[in-house]
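K.L.:
The structure's right below; bear with me while I get my questions together.
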Amino acid sequence: MRIAIIGSGGREHALLWKLKQSPSVEDLICVPGNPGTERLATNVAISISNHQAIVDILRQYNIDLVVIGPEAPLVDGLADRIREAGIRCFGPGKQAARIEGSKAFAKEFMRRHNIPTADFNIFTRGDFYEAVRYLDELPMPVVIKASGLAAGKGVLICNEREEARDVVRAMLQGDTFKEAGSTIVIEEFLIGEEVSIFALCDGNRFVTLPPAQDHKKLLDGDKGKNTGGMGAYAPAPIATNEIIKYVKEKVLTPTVKGLKERGEPFIGCLYAGLILTESGMKLLEYNCRFGDPEAQVVLPLIDDDLAEILYECADGRISRDEVNFHDASAVCVVMASGGYPGEYKTGKKIDGLHSIKEDDGVVVFHAGTKREGDSIVTAGGRVLGVTAIGYKDDLEGTIRTAYRAVEKITFDGAYYRSDIGAKAVRSWK
Ligand code: AMP
Ligand code: GLY
């Protein structure tokens, strides 16, 4: 099988690393890829927003299956375009991708299908006074979300009523978040631990992967600004078998069924971003693709032919009820550029990559890197995902292995959290 991966981050590197192990894989290409994916696949340097050029390349390489990593091309309809060209694609079409591309669509869908979620209302331009009235009904804090894609920056948690009104005014009457913020969701603030569950879907049925926990905040102790994710571990013990069963029944099954009934079947990775509150598990959000960095810890746990599973999904015929997993745990520590998620410098030389050996149970997934002559330099906010794989019942040991590797890698201004996975270790004791 000849597979193309679309994207250039840690998630795409992790997908290639796993697919490379599949006996059914003959050839791999990555569009556009990064210096990490280059060692596993042929990188093809074209923009992921140029859909025609992508289809041409897929034909040129005689590709059997395409896996789309990031949300933007999915929301833009790249998967439809690829399927129209007669090529199998693991990734939802534009309509189904709205579960991530439009938070208003996602929340209305959840309400219609009785999927447990935070109480909410939706407002658009012109609804400012209605929105303020709703804000006055809700206890503080309150959550305000721009409906459209906002690169992880569109969710604001306000502690004061006055502040919440200002945010709503800026979105609905000003142009914060531009078009993405012209429709907003105002919702109840939920308290609890978060966990992500991925379902690989064929439009009709799905199989789940082990639960993972991301660390969205910049600083230790879940403090500071929100980021794309500073690290992750899997499996997350907080999601017990009972909880996973509940999520399958109350979240994943109605979602896949509901989308199919709309004539917008979901083929791809359905990401349920969940929160375990005192009154049970609730769905915070959907993503229409693998999470990053969660993919970097979930994919290494798979003890099955991933290429075959993704191919079957894309073909609309998953043949198994479950995926097999290694008896292992995985921990990913993200090394970021100082200043991220705000402004940061790039072009800093990365040292120590060669001292990390896969045989020692560590893989370094590249996210924001670039080749410059013989060196690898930083080229993004999240630079590397240093991922350790260890025994399932020794998460503490896996965490130690990850940090030992992190300490061997240096670049000017490198920043990482020092408590990835600590919450799970605490909850076990
Ligand atoms: P979303 O993109 O909707 O997942 O929001 C991003 C992050 O904001 C989530 O991972 C949560 O940490 C936080 N968040 C979103 N909605 C809520 C909510 N209703 N209550 C508490 N935190 C939330
Ligand atoms: N790690 C969260 C995301 O991929 O959206």
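Each chain in the structure tokens gets a letter, A, B and so on, in the order shown; residues start at 1 in every chain, and ligands are counted from 1 in the order they appear.
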Which polymer residues have any atom within 10 Å of an atom of A:Val66, counting only C-alpha atoms, with same-chain residues fewer than 4 positions away left out, as a list in words?

P.N.:
Arg2, Ile3, Ala4, Ile5, Ile6, Leu28, Ile29, Cys30, Leu58, Ala79, Ile82, Arg83, Ile87, Arg88, Cys89, Phe90, Gly91, Leu310, Tyr311 and Ala314 of chain A

K.L.:
Mind listing the alpha helix (DSSP H) residues of stretch 193-306 of chain A, per DSSP on the backbone, as an MDAnalysis selection string?

P.N.:
chainID A and resid 241:247 253:261 294:298 306

K.L.:
Just to be explicit: take each residue in the selection above, keep N, CA, C and O atoms, and write the result as a JSON list (two decimals), in the first residue's frame.

P.N.:
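Saved result, selection-v7.json, follows:
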[["chain", "number", "residue", "atom", "x", "y", "z"],
["A", 241, "ASN", "N", -12.71, 1.61, 32.32],
["A", 241, "ASN", "CA", -13.48, 0.88, 31.29],
["A", 241, "ASN", "C", -14.94, 1.28, 31.30],
["A", 241, "ASN", "O", -15.58, 1.38, 30.25],
["A", 242, "GLU", "N", -15.44, 1.53, 32.50],
["A", 242, "GLU", "CA", -16.85, 1.92, 32.64],
["A", 242, "GLU", "C", -17.09, 3.27, 31.95],
["A", 242, "GLU", "O", -18.08, 3.45, 31.23],
["A", 243, "ILE", "N", -16.16, 4.19, 32.14],
["A", 243, "ILE", "CA", -16.28, 5.51, 31.52],
["A", 243, "ILE", "C", -16.18, 5.39, 30.00],
["A", 243, "ILE", "O", -16.95, 6.01, 29.26],
["A", 244, "ILE", "N", -15.26, 4.57, 29.53],
["A", 244, "ILE", "CA", -15.11, 4.40, 28.08],
["A", 244, "ILE", "C", -16.40, 3.83, 27.47],
["A", 244, "ILE", "O", -16.86, 4.28, 26.43],
["A", 245, "LYS", "N", -17.00, 2.90, 28.19],
["A", 245, "LYS", "CA", -18.25, 2.30, 27.72],
["A", 245, "LYS", "C", -19.34, 3.38, 27.62],
["A", 245, "LYS", "O", -20.08, 3.46, 26.64],
["A", 246, "TYR", "N", -19.40, 4.23, 28.64],
["A", 246, "TYR", "CA", -20.37, 5.33, 28.67],
["A", 246, "TYR", "C", -20.15, 6.28, 27.49],
["A", 246, "TYR", "O", -21.09, 6.68, 26.80],
["A", 247, "VAL", "N", -18.88, 6.61, 27.23],
["A", 247, "VAL", "CA", -18.56, 7.55, 26.14],
["A", 247, "VAL", "C", -18.94, 6.92, 24.78],
["A", 247, "VAL", "O", -19.47, 7.61, 23.91],
["A", 253, "THR", "N", -21.36, 6.74, 19.61],
["A", 253, "THR", "CA", -22.39, 6.08, 18.78],
["A", 253, "THR", "C", -23.40, 7.10, 18.25],
["A", 253, "THR", "O", -23.63, 7.14, 17.02],
["A", 254, "PRO", "N", -24.00, 7.96, 19.11],
["A", 254, "PRO", "CA", -24.96, 8.93, 18.55],
["A", 254, "PRO", "C", -24.31, 9.91, 17.57],
["A", 254, "PRO", "O", -24.98, 10.38, 16.64],
["A", 255, "THR", "N", -23.03, 10.20, 17.75],
["A", 255, "THR", "CA", -22.37, 11.14, 16.82],
["A", 255, "THR", "C", -22.23, 10.51, 15.44],
["A", 255, "THR", "O", -22.62, 11.10, 14.42],
["A", 256, "VAL", "N", -21.69, 9.30, 15.41],
["A", 256, "VAL", "CA", -21.47, 8.64, 14.12],
["A", 256, "VAL", "C", -22.82, 8.38, 13.43],
["A", 256, "VAL", "O", -22.97, 8.62, 12.22],
["A", 257, "LYS", "N", -23.80, 7.96, 14.21],
["A", 257, "LYS", "CA", -25.13, 7.67, 13.66],
["A", 257, "LYS", "C", -25.79, 8.96, 13.17],
["A", 257, "LYS", "O", -26.34, 9.01, 12.06],
["A", 258, "GLY", "N", -25.71, 10.02, 13.99],
["A", 258, "GLY", "CA", -26.33, 11.29, 13.64],
["A", 258, "GLY", "C", -25.75, 11.88, 12.37],
["A", 258, "GLY", "O", -26.47, 12.41, 11.52],
["A", 259, "LEU", "N", -24.44, 11.79, 12.21],
["A", 259, "LEU", "CA", -23.81, 12.35, 11.00],
["A", 259, "LEU", "C", -24.18, 11.51, 9.78],
["A", 259, "LEU", "O", -24.43, 12.04, 8.69],
["A", 260, "LYS", "N", -24.24, 10.21, 9.97],
["A", 260, "LYS", "CA", -24.61, 9.34, 8.85],
["A", 260, "LYS", "C", -26.04, 9.66, 8.39],
["A", 260, "LYS", "O", -26.30, 9.77, 7.19],
["A", 261, "GLU", "N", -26.92, 9.86, 9.36],
["A", 261, "GLU", "CA", -28.32, 10.17, 9.02],
["A", 261, "GLU", "C", -28.47, 11.51, 8.29],
["A", 261, "GLU", "O", -29.40, 11.69, 7.53],
["A", 294, "GLU", "N", -1.63, 14.38, 21.60],
["A", 294, "GLU", "CA", -2.15, 13.07, 22.02],
["A", 294, "GLU", "C", -1.78, 11.94, 21.04],
["A", 294, "GLU", "O", -1.50, 10.82, 21.46],
["A", 295, "ALA", "N", -1.80, 12.24, 19.75],
["A", 295, "ALA", "CA", -1.47, 11.21, 18.75],
["A", 295, "ALA", "C", -0.09, 10.62, 19.01],
["A", 295, "ALA", "O", 0.16, 9.44, 18.77],
["A", 296, "GLN", "N", 0.80, 11.44, 19.53],
["A", 296, "GLN", "CA", 2.18, 11.00, 19.73],
["A", 296, "GLN", "C", 2.29, 9.95, 20.85],
["A", 296, "GLN", "O", 3.28, 9.24, 20.94],
["A", 297, "VAL", "N", 1.28, 9.90, 21.75],
["A", 297, "VAL", "CA", 1.31, 8.88, 22.80],
["A", 297, "VAL", "C", 0.32, 7.74, 22.54],
["A", 297, "VAL", "O", 0.50, 6.64, 23.08],
["A", 298, "VAL", "N", -0.69, 7.99, 21.74],
["A", 298, "VAL", "CA", -1.70, 6.95, 21.49],
["A", 298, "VAL", "C", -1.24, 6.00, 20.39],
["A", 298, "VAL", "O", -1.35, 4.78, 20.51],
["A", 306, "LEU", "N", -1.76, -0.59, 11.57],
["A", 306, "LEU", "CA", -2.52, 0.67, 11.49],
["A", 306, "LEU", "C", -2.94, 0.99, 10.06],
["A", 306, "LEU", "O", -4.05, 1.47, 9.81]]

K.L.:
For A:Phe123, find every residue with an atom within 7 Å (counting only C-alpha atoms), except residues of its own chain fewer than 2 positions away, and show them as a PyMOL selection string.

P.N.:
chain A and resi 121+127+131+183-185

K.L.:
Print the selection's residues with C-alpha atoms to a file, as a CSV table (one decimal), in the first residue's frame.

P.N.:
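Heads up, here's the output in result-v9.csv:
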chain,number,residue,atom,x,y,z
A,121,ASN,CA,-26.7,29.3,23.9
A,127,ASP,CA,-27.8,39.5,19.3
A,131,ALA,CA,-26.3,37.5,24.9
A,183,THR,CA,-21.1,33.6,15.8
A,184,ILE,CA,-20.3,32.7,19.5
A,185,VAL,CA,-21.2,30.0,22.0

K.L.:
Within 8 Å of ligand 2, which residues show up when you count only C-alpha atoms and all ligand atoms? List them as a ChimeraX atom specification, please.

P.N.:
/A:152,214-216,228-229,287,289-294

K.L.:
Could those residues be written to a file, using all heavy atoms, as an mmCIF file, in the first residue's frame?

P.N.:
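See again34.cif below for the written result:
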data_model
loop_
_atom_site.group_PDB
_atom_site.id
_atom_site.type_symbol
_atom_site.label_atom_id
_atom_site.label_comp_id
_atom_site.auth_asym_id
_atom_site.auth_seq_id
_atom_site.Cartn_x
_atom_site.Cartn_y
_atom_site.Cartn_z
ATOM 1 N N GLY A 152 -6.993 27.400 18.313
ATOM 2 C CA GLY A 152 -6.913 27.140 19.746
ATOM 3 C C GLY A 152 -7.020 28.381 20.619
ATOM 4 O O GLY A 152 -6.920 28.302 21.831
ATOM 5 N N ASP A 214 -4.067 15.379 27.613
ATOM 6 C CA ASP A 214 -3.229 16.473 27.115
ATOM 7 C C ASP A 214 -2.940 17.412 28.288
ATOM 8 O O ASP A 214 -3.573 17.312 29.336
ATOM 9 C CB ASP A 214 -4.038 17.205 26.031
ATOM 10 C CG ASP A 214 -3.237 18.271 25.294
ATOM 11 O OD1 ASP A 214 -2.013 18.342 25.468
ATOM 12 O OD2 ASP A 214 -3.863 19.044 24.536
ATOM 13 N N HIS A 215 -1.980 18.313 28.135
ATOM 14 C CA HIS A 215 -1.709 19.360 29.133
ATOM 15 C C HIS A 215 -1.751 20.675 28.376
ATOM 16 O O HIS A 215 -0.757 21.076 27.776
ATOM 17 C CB HIS A 215 -0.339 19.149 29.777
ATOM 18 C CG HIS A 215 -0.235 17.872 30.568
ATOM 19 N ND1 HIS A 215 -0.353 16.637 29.992
ATOM 20 C CD2 HIS A 215 -0.032 17.655 31.884
ATOM 21 C CE1 HIS A 215 -0.233 15.714 30.937
ATOM 22 N NE2 HIS A 215 -0.030 16.309 32.093
ATOM 23 N N LYS A 216 -2.925 21.317 28.370
ATOM 24 C CA LYS A 216 -3.124 22.480 27.496
ATOM 25 C C LYS A 216 -2.457 23.751 28.006
ATOM 26 O O LYS A 216 -2.107 24.622 27.234
ATOM 27 C CB LYS A 216 -4.616 22.745 27.323
ATOM 28 C CG LYS A 216 -5.288 21.737 26.408
ATOM 29 C CD LYS A 216 -6.377 22.397 25.563
ATOM 30 C CE LYS A 216 -6.852 21.483 24.467
ATOM 31 N NZ LYS A 216 -7.858 20.510 24.890
ATOM 32 N N GLY A 228 -1.441 24.880 22.331
ATOM 33 C CA GLY A 228 -1.920 23.756 21.519
ATOM 34 C C GLY A 228 -1.774 22.433 22.259
ATOM 35 O O GLY A 228 -2.334 21.417 21.844
ATOM 36 N N GLY A 229 -1.029 22.425 23.359
ATOM 37 C CA GLY A 229 -0.781 21.187 24.125
ATOM 38 C C GLY A 229 0.704 21.055 24.426
ATOM 39 O O GLY A 229 1.516 21.064 23.508
ATOM 40 N N ASN A 287 -13.090 17.195 17.844
ATOM 41 C CA ASN A 287 -12.166 17.571 16.781
ATOM 42 C C ASN A 287 -12.368 16.553 15.677
ATOM 43 O O ASN A 287 -12.795 15.418 15.936
ATOM 44 C CB ASN A 287 -10.708 17.564 17.252
ATOM 45 C CG ASN A 287 -10.416 18.748 18.183
ATOM 46 O OD1 ASN A 287 -11.041 19.801 18.076
ATOM 47 N ND2 ASN A 287 -9.485 18.562 19.092
ATOM 48 N N ARG A 289 -10.114 15.147 13.778
ATOM 49 C CA ARG A 289 -8.787 14.605 13.393
ATOM 50 C C ARG A 289 -8.077 14.146 14.660
ATOM 51 O O ARG A 289 -8.578 14.373 15.764
ATOM 52 C CB ARG A 289 -7.990 15.718 12.725
ATOM 53 C CG ARG A 289 -8.306 17.096 13.340
ATOM 54 C CD ARG A 289 -7.260 17.736 14.128
ATOM 55 N NE ARG A 289 -7.775 18.807 14.948
ATOM 56 C CZ ARG A 289 -7.259 19.127 16.110
ATOM 57 N NH1 ARG A 289 -6.241 18.462 16.591
ATOM 58 N NH2 ARG A 289 -7.756 20.105 16.825
ATOM 59 N N PHE A 290 -6.923 13.508 14.500
ATOM 60 C CA PHE A 290 -6.132 13.104 15.663
ATOM 61 C C PHE A 290 -5.696 14.369 16.412
ATOM 62 O O PHE A 290 -5.326 15.365 15.788
ATOM 63 C CB PHE A 290 -4.861 12.381 15.235
ATOM 64 C CG PHE A 290 -5.091 11.004 14.680
ATOM 65 C CD1 PHE A 290 -5.092 10.787 13.307
ATOM 66 C CD2 PHE A 290 -5.284 9.916 15.520
ATOM 67 C CE1 PHE A 290 -5.291 9.516 12.785
ATOM 68 C CE2 PHE A 290 -5.479 8.644 15.007
ATOM 69 C CZ PHE A 290 -5.485 8.439 13.638
ATOM 70 N N GLY A 291 -5.708 14.320 17.739
ATOM 71 C CA GLY A 291 -5.187 15.438 18.533
ATOM 72 C C GLY A 291 -3.664 15.409 18.522
ATOM 73 O O GLY A 291 -3.052 14.376 18.299
ATOM 74 N N ASP A 292 -3.102 16.565 18.752
ATOM 75 C CA ASP A 292 -1.649 16.677 18.811
ATOM 76 C C ASP A 292 -1.318 17.493 20.056
ATOM 77 O O ASP A 292 -1.809 18.616 20.158
ATOM 78 C CB ASP A 292 -1.170 17.409 17.547
ATOM 79 C CG ASP A 292 0.310 17.222 17.302
ATOM 80 O OD1 ASP A 292 0.948 16.504 18.086
ATOM 81 O OD2 ASP A 292 0.818 17.797 16.330
ATOM 82 N N PRO A 293 -0.612 17.008 21.042
ATOM 83 C CA PRO A 293 0.291 15.861 21.033
ATOM 84 C C PRO A 293 -0.307 14.488 21.369
ATOM 85 O O PRO A 293 0.438 13.511 21.405
ATOM 86 C CB PRO A 293 1.293 16.241 22.123
ATOM 87 C CG PRO A 293 0.500 17.009 23.124
ATOM 88 C CD PRO A 293 -0.517 17.767 22.321
ATOM 89 N N GLU A 294 -1.625 14.376 21.602
ATOM 90 C CA GLU A 294 -2.146 13.071 22.018
ATOM 91 C C GLU A 294 -1.776 11.944 21.043
ATOM 92 O O GLU A 294 -1.496 10.818 21.464
ATOM 93 C CB GLU A 294 -3.670 13.104 22.163
ATOM 94 C CG GLU A 294 -4.178 13.979 23.286
ATOM 95 C CD GLU A 294 -4.609 15.340 22.771
ATOM 96 O OE1 GLU A 294 -3.865 15.926 21.949
ATOM 97 O OE2 GLU A 294 -5.665 15.822 23.187
#

K.L.:
All residues within 7 Å of ligand 1 are required, counting only C-alpha atoms and all ligand atoms; please report them as a PyMOL selection string.

P.N.:
chain A and resi 118+143+152+155+187-191+216+273+284-285

K.L.:
Create the file for the chosen residues now, containing C-alpha atoms and written as a CSV table (one decimal), in the first residue's frame.

P.N.:
chain,number,residue,atom,x,y,z
A,118,ALA,CA,-22.2,22.1,29.1
A,143,VAL,CA,-17.0,30.3,28.9
A,152,GLY,CA,-6.9,27.1,19.7
A,155,VAL,CA,-12.0,30.0,23.9
A,187,GLU,CA,-21.6,28.2,28.0
A,188,GLU,CA,-21.6,27.0,31.5
A,189,PHE,CA,-18.1,26.5,33.1
A,190,LEU,CA,-17.5,22.9,34.0
A,191,ILE,CA,-15.0,21.7,36.6
A,216,LYS,CA,-3.1,22.5,27.5
A,273,GLY,CA,-12.6,16.1,24.2
A,284,LEU,CA,-16.4,19.7,25.8
A,285,GLU,CA,-15.6,19.6,22.1
